[in-house]
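For reference, the structure discussed in these notes is given below.
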Amino acid sequence: MVFESFSPKLQEIIKKKGFIEPTLPQKLGIPDIAAGKNMLIIAATGIGKTETAMLPLFDNIYKNKLKPISLLYITPLKSLNRDLLDRLFWWGDKLDIEVAVRHGDTSQKERASQKESPPSVLITTPETLQAILTGKILREHLKNVKYVVVDEIHELVESKRGVQLSLGLERLRQLAGNFQRIGLSATVGSPEVVAEFLGENVKIVRAENVKKYDIKVESPKPGPRDIEIADDLSIGVSTTTRLRRLYDLIQSHTSVLTFTNTRETAEVISSRLKRLDKELKQAVHHGSLSKEGRIKSEVSFKKQELKALIATSSLELGIDIGSIDLVVQYLSPRQATRLIQRVGRAGHKIGEVSKGVILSGEEDLFESAVVAKDAENKKLEKLKTHDMALDVLAGQIMGMAIDEYETPSEKVYEIAKRSYIYRDLTKKDIDALLHFMAELRLIWLDEEGDKIVMKRRR
């Protein structure tokens with residue numbers, strides 16, 4: 001069994017945690033991660049992807065007493081996953097390994113503390129990685145990085161946040177040397193693209209076959225009661241019909257998570273449910289709400305003090321928020337990949353079927369049916385990367401100019417070229433971009449010898 005390869009200390013902790021048998025991703029992934037290979041672990045939610053990556057890395061840090069910061073755990077979530085943090089803190093505490101968080105909401109006091117006494121494991125976001133790369137003191141600690149784990153990597157691949165991360169990792173490599181890279185991903189249509197995005201020589205492990213989905217599409221027809229209450233709720237009859245069906249689904253299940261495509265829709269549904277039934281325990285959850293408000297809703301939902309939570313993509317990623325027995329998607333989710341990720345919130349435990357209902361309107365009924373069928377058949381959309389995004393590259397070049405007083409343009413080219421996003425980049429492209437930035441007075445160029453990128457005094 002793979003757990004037997006760990007130190008006696010970690011084996012003891014695993015038993016205390018109640019892990020009897022390793023899950024499929026743990027069986028397939030832990031041996032290669034422990035051997036130092038770059039890995040992409042693809043699996044459904046709730047079957048131990050995080051522990052697959054972190055247990056062997058925690059064990060290495062513990063056994064080899066590695067200098068901090070030895071591991072970066074990068075998550076795309078701006079509102080950090082409370083359940084994930086609790087789990088990582090738990091493992092770190094049991095192994096006497098310090099785990100800390102660094103993101104936009106981190107207080108100045110905590111930041112100062114991390115400079116003076118850096119943690120062994122730092123949990124951060126793509127944006128914060130860029131910021132700490134330019135910090136004088138933290139840069140010294142980042143030289144010790146041996147491992148980088150990118151959680152929910154599929155969420156980053158198609159966005160410019162992902163481009164920023166890809167370049168940031170190459171800048172980190174310039175600083176720390178080669179480090180082991182591990183990506184954790186939900187089921188995606190282009191695993192090879194995700195692997196290449198992560199780095200070189202990445203082995204793909206698919207552990208997806210254990211998850212089953214039961215997805216229905218409904219387009220409820222208006223009844224006399226819907227027509228009667230539409231005016232009272234100040235919404236159209238068709239919207240009232242969907243709202244009434246959502247209310248029925250909430251009442252007939254224990255915990256229902258409802259996803260909408262916009263924050264405005266989430267707010268409207270929540271407020272109208274309140275008018276429909278003041279006693280219904282439900283709340284809204286999206287990125288514009290305060291951190292405290294989001295955490296309060298998550299905790300209440302997990303404790304089943306709330307019967308329903310109306311959310312946007314803020315609850316789409318890897319958050320264990322209790323025994324959800326149904327996920328409702330309000331109107332078409334547009335993508336099978338997104339639907340799989342959202343419905344996967346239900347039946348979060350190993351072996352459970354994830355149940356979902358799409359409440360569709362007449363105008364998107366056909367699309368919803370096709371998306372649902374594609375999701376159940378795992379026919380997922382191909383990923384598209386933002387190749388050659390020169391605006392992001394320009395921002396990273398300014399970061400490099402802050403890192404060091406002077407940087408040869410050849411070095412800038414080499415760092416960018418290593419990123420999958422800039423695999424087609426030429427020296428001519430870099431020279432043109434540098435001259436353009438110099439014309440905008442963003443950087444200085446010294447062209448007497450090799451072109452040098454220099455930061456401006458301001």
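To be explicit about the labels: the chains of the structure tokens are called A, B, and onward in the order shown, and within each one the residues are counted from 1, while ligands get numbers from 1 in the order they are shown.
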
From stretch 317-384 of chain A, collect each residue whose DSSP state is strand (DSSP E) and return the set as a PDB file with N, CA and C atoms, in the first residue's frame.
ATOM      1  N   LEU A 326     -28.156  17.614  -3.749  1.00  0.00           N
ATOM      2  CA  LEU A 326     -28.600  18.043  -5.079  1.00  0.00           C
ATOM      3  C   LEU A 326     -27.953  19.373  -5.450  1.00  0.00           C
ATOM      4  N   VAL A 327     -27.537  19.478  -6.706  1.00  0.00           N
ATOM      5  CA  VAL A 327     -27.077  20.752  -7.258  1.00  0.00           C
ATOM      6  C   VAL A 327     -28.061  21.171  -8.341  1.00  0.00           C
ATOM      7  N   VAL A 328     -28.525  22.407  -8.253  1.00  0.00           N
ATOM      8  CA  VAL A 328     -29.411  22.956  -9.278  1.00  0.00           C
ATOM      9  C   VAL A 328     -28.643  24.006 -10.060  1.00  0.00           C
ATOM     10  N   GLN A 329     -28.689  23.908 -11.381  1.00  0.00           N
ATOM     11  CA  GLN A 329     -28.112  24.918 -12.251  1.00  0.00           C
ATOM     12  C   GLN A 329     -29.261  25.736 -12.809  1.00  0.00           C
ATOM     13  N   TYR A 330     -29.288  27.034 -12.498  1.00  0.00           N
ATOM     14  CA  TYR A 330     -30.371  27.903 -12.964  1.00  0.00           C
ATOM     15  C   TYR A 330     -30.020  28.438 -14.346  1.00  0.00           C
ATOM     16  N   VAL A 353     -23.287   9.126  -6.045  1.00  0.00           N
ATOM     17  CA  VAL A 353     -23.669   9.669  -7.349  1.00  0.00           C
ATOM     18  C   VAL A 353     -23.940  11.164  -7.190  1.00  0.00           C
ATOM     19  N   SER A 354     -23.391  11.968  -8.091  1.00  0.00           N
ATOM     20  CA  SER A 354     -23.637  13.413  -8.064  1.00  0.00           C
ATOM     21  C   SER A 354     -24.905  13.724  -8.845  1.00  0.00           C
ATOM     22  N   LYS A 355     -25.919  14.248  -8.144  1.00  0.00           N
ATOM     23  CA  LYS A 355     -27.212  14.532  -8.770  1.00  0.00           C
ATOM     24  C   LYS A 355     -27.342  16.017  -9.089  1.00  0.00           C
ATOM     25  N   GLY A 356     -27.801  16.293 -10.295  1.00  0.00           N
ATOM     26  CA  GLY A 356     -27.973  17.683 -10.698  1.00  0.00           C
ATOM     27  C   GLY A 356     -29.229  17.885 -11.522  1.00  0.00           C
ATOM     28  N   VAL A 357     -29.800  19.091 -11.436  1.00  0.00           N
ATOM     29  CA  VAL A 357     -30.959  19.469 -12.244  1.00  0.00           C
ATOM     30  C   VAL A 357     -30.663  20.817 -12.887  1.00  0.00           C
ATOM     31  N   ILE A 358     -30.859  20.906 -14.203  1.00  0.00           N
ATOM     32  CA  ILE A 358     -30.779  22.198 -14.888  1.00  0.00           C
ATOM     33  C   ILE A 358     -32.201  22.717 -15.027  1.00  0.00           C
ATOM     34  N   LEU A 359     -32.476  23.863 -14.414  1.00  0.00           N
ATOM     35  CA  LEU A 359     -33.780  24.516 -14.584  1.00  0.00           C
ATOM     36  C   LEU A 359     -33.669  25.462 -15.769  1.00  0.00           C
TER      37      LEU A 359
END

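The list of residues with at least one atom within 10 Å of A:Leu10, based on only C-alpha atoms and without residues fewer than 5 positions apart in the same chain, reads Phe3, Glu4, Ser5, Lys15, Lys16, Leu55, Pro56, Phe58, Asp59, Tyr62, Lys63, Trp91, Lys94 and Leu95 of chain A.
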
(message) When you look at A:Ser120 with a cut-off of 8 Å (counting only C-alpha atoms), what residues show up, excluding the ones that are within fewer than 3 positions of it in the same chain? I need them as a PyMOL selection string.
(response) chain A and resi 61+66-71+97-99

Could you give me, as a PDB file with C-alpha atoms, in the first residue's frame, the residues within 10 Å of stretch 209-219 of chain A, counting only C-alpha atoms and dropping anything in the same chain fewer than 2 positions from it?
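Produced file part36.pdb, reproduced below:
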ATOM      1  CA  THR A  23      -8.191   6.458  -3.011  1.00  0.00           C
ATOM      2  CA  LEU A  24      -7.571   5.878  -6.729  1.00  0.00           C
ATOM      3  CA  ALA A  43      -9.833  13.426 -10.773  1.00  0.00           C
ATOM      4  CA  ALA A  44     -13.342  14.323  -9.706  1.00  0.00           C
ATOM      5  CA  THR A  45     -13.856  16.367  -6.558  1.00  0.00           C
ATOM      6  CA  GLY A  46     -13.964  14.743  -3.149  1.00  0.00           C
ATOM      7  CA  ILE A  47     -11.624  11.803  -3.745  1.00  0.00           C
ATOM      8  CA  ARG A 206      -6.288  10.077 -14.805  1.00  0.00           C
ATOM      9  CA  ALA A 207      -8.342   8.894 -11.850  1.00  0.00           C
ATOM     10  CA  LYS A 221     -44.581  25.024 -17.381  1.00  0.00           C
ATOM     11  CA  PRO A 222     -46.496  27.876 -15.703  1.00  0.00           C
ATOM     12  CA  SER A 238     -41.566  32.032 -16.578  1.00  0.00           C
ATOM     13  CA  THR A 241     -42.293  29.063 -12.559  1.00  0.00           C
ATOM     14  CA  ARG A 242     -38.595  28.204 -12.329  1.00  0.00           C
ATOM     15  CA  ARG A 245     -39.787  24.539  -9.013  1.00  0.00           C
ATOM     16  CA  LEU A 326     -28.600  18.043  -5.079  1.00  0.00           C
ATOM     17  CA  VAL A 327     -27.077  20.752  -7.258  1.00  0.00           C
ATOM     18  CA  VAL A 328     -29.411  22.956  -9.278  1.00  0.00           C
ATOM     19  CA  GLN A 329     -28.112  24.918 -12.251  1.00  0.00           C
ATOM     20  CA  LEU A 331     -30.508  28.260 -16.780  1.00  0.00           C
ATOM     21  CA  SER A 332     -27.950  26.734 -19.129  1.00  0.00           C
ATOM     22  CA  LEU A 339     -21.618  21.640 -15.399  1.00  0.00           C
ATOM     23  CA  ILE A 340     -19.484  18.625 -14.383  1.00  0.00           C
ATOM     24  CA  VAL A 343     -22.759  19.050 -10.172  1.00  0.00           C
ATOM     25  CA  GLY A 344     -19.681  17.404  -8.646  1.00  0.00           C
ATOM     26  CA  ALA A 346     -23.215  17.001  -4.766  1.00  0.00           C
ATOM     27  CA  GLY A 347     -22.402  13.477  -3.658  1.00  0.00           C
ATOM     28  CA  HIS A 348     -18.968  14.739  -2.675  1.00  0.00           C
ATOM     29  CA  LYS A 349     -18.005  11.514  -0.917  1.00  0.00           C
ATOM     30  CA  ILE A 350     -16.348   8.553  -2.625  1.00  0.00           C
ATOM     31  CA  GLY A 351     -18.849   6.240  -4.328  1.00  0.00           C
ATOM     32  CA  GLU A 352     -21.785   8.654  -4.197  1.00  0.00           C
ATOM     33  CA  VAL A 353     -23.669   9.669  -7.349  1.00  0.00           C
ATOM     34  CA  SER A 354     -23.637  13.413  -8.064  1.00  0.00           C
ATOM     35  CA  LYS A 355     -27.212  14.532  -8.770  1.00  0.00           C
ATOM     36  CA  GLY A 356     -27.973  17.683 -10.698  1.00  0.00           C
ATOM     37  CA  VAL A 357     -30.959  19.469 -12.244  1.00  0.00           C
ATOM     38  CA  ILE A 358     -30.779  22.198 -14.888  1.00  0.00           C
ATOM     39  CA  LEU A 359     -33.780  24.516 -14.584  1.00  0.00           C
ATOM     40  CA  SER A 360     -34.000  25.766 -18.126  1.00  0.00           C
ATOM     41  CA  GLY A 361     -36.132  28.286 -19.964  1.00  0.00           C
ATOM     42  CA  GLU A 362     -37.700  27.655 -23.357  1.00  0.00           C
ATOM     43  CA  GLU A 363     -35.008  29.714 -25.079  1.00  0.00           C
ATOM     44  CA  ASP A 364     -32.088  27.616 -23.772  1.00  0.00           C
ATOM     45  CA  LEU A 365     -33.764  24.226 -23.322  1.00  0.00           C
ATOM     46  CA  PHE A 366     -32.086  22.618 -26.330  1.00  0.00           C
ATOM     47  CA  SER A 368     -29.152  22.717 -21.752  1.00  0.00           C
ATOM     48  CA  ALA A 369     -30.065  19.229 -22.984  1.00  0.00           C
ATOM     49  CA  VAL A 370     -26.967  19.015 -25.198  1.00  0.00           C
ATOM     50  CA  VAL A 371     -24.688  20.300 -22.422  1.00  0.00           C
ATOM     51  CA  ALA A 372     -26.163  17.793 -19.934  1.00  0.00           C
ATOM     52  CA  LYS A 373     -25.711  14.885 -22.352  1.00  0.00           C
ATOM     53  CA  ALA A 375     -21.395  16.197 -19.369  1.00  0.00           C
ATOM     54  CA  GLU A 376     -22.727  12.717 -18.599  1.00  0.00           C
ATOM     55  CA  ASN A 377     -20.758  11.277 -21.538  1.00  0.00           C
ATOM     56  CA  LYS A 378     -17.611  13.197 -20.480  1.00  0.00           C
TER      57      LYS A 378
END

(message) Under the rule that only C-alpha atoms are counted, which of A:Glu264, A:Asp277, A:Glu170, A:Glu367 is the nearest residue to A:Val412?
(response)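 Once distances to A:Val412 are computed over only C-alpha atoms, the minimum belongs to A:Glu170.
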
(request) Can you work out which one of A:Asp446, A:Asp431, A:Asp387, A:Asp403 has the shortest atom-to-atom distance to A:Ala131, counting only C-alpha atoms? (result)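 Closest residue, counting only C-alpha atoms: A:Asp403.
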
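The shell of residues at most 6 Å from stretch 101-118 of chain A, with only C-alpha atoms counted and near chain neighbours (fewer than 3 positions) removed, consists of A:Pro68, A:Leu122, A:Ile123, A:Thr124, A:Thr128, A:Leu138.
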
Now that the selection is made, can you save its residues with C-alpha atoms as a PDB file, in the first residue's frame?
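Full text of again-v3.pdb as output:
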ATOM      1  CA  PRO A  68      11.447  27.509   4.326  1.00  0.00           C
ATOM      2  CA  LEU A 122       2.972  28.994   1.774  1.00  0.00           C
ATOM      3  CA  ILE A 123      -0.551  28.960   0.344  1.00  0.00           C
ATOM      4  CA  THR A 124      -1.040  31.787  -2.116  1.00  0.00           C
ATOM      5  CA  THR A 128       0.278  37.293  -4.869  1.00  0.00           C
ATOM      6  CA  LEU A 138      10.840  37.080   0.515  1.00  0.00           C
TER       7      LEU A 138
END
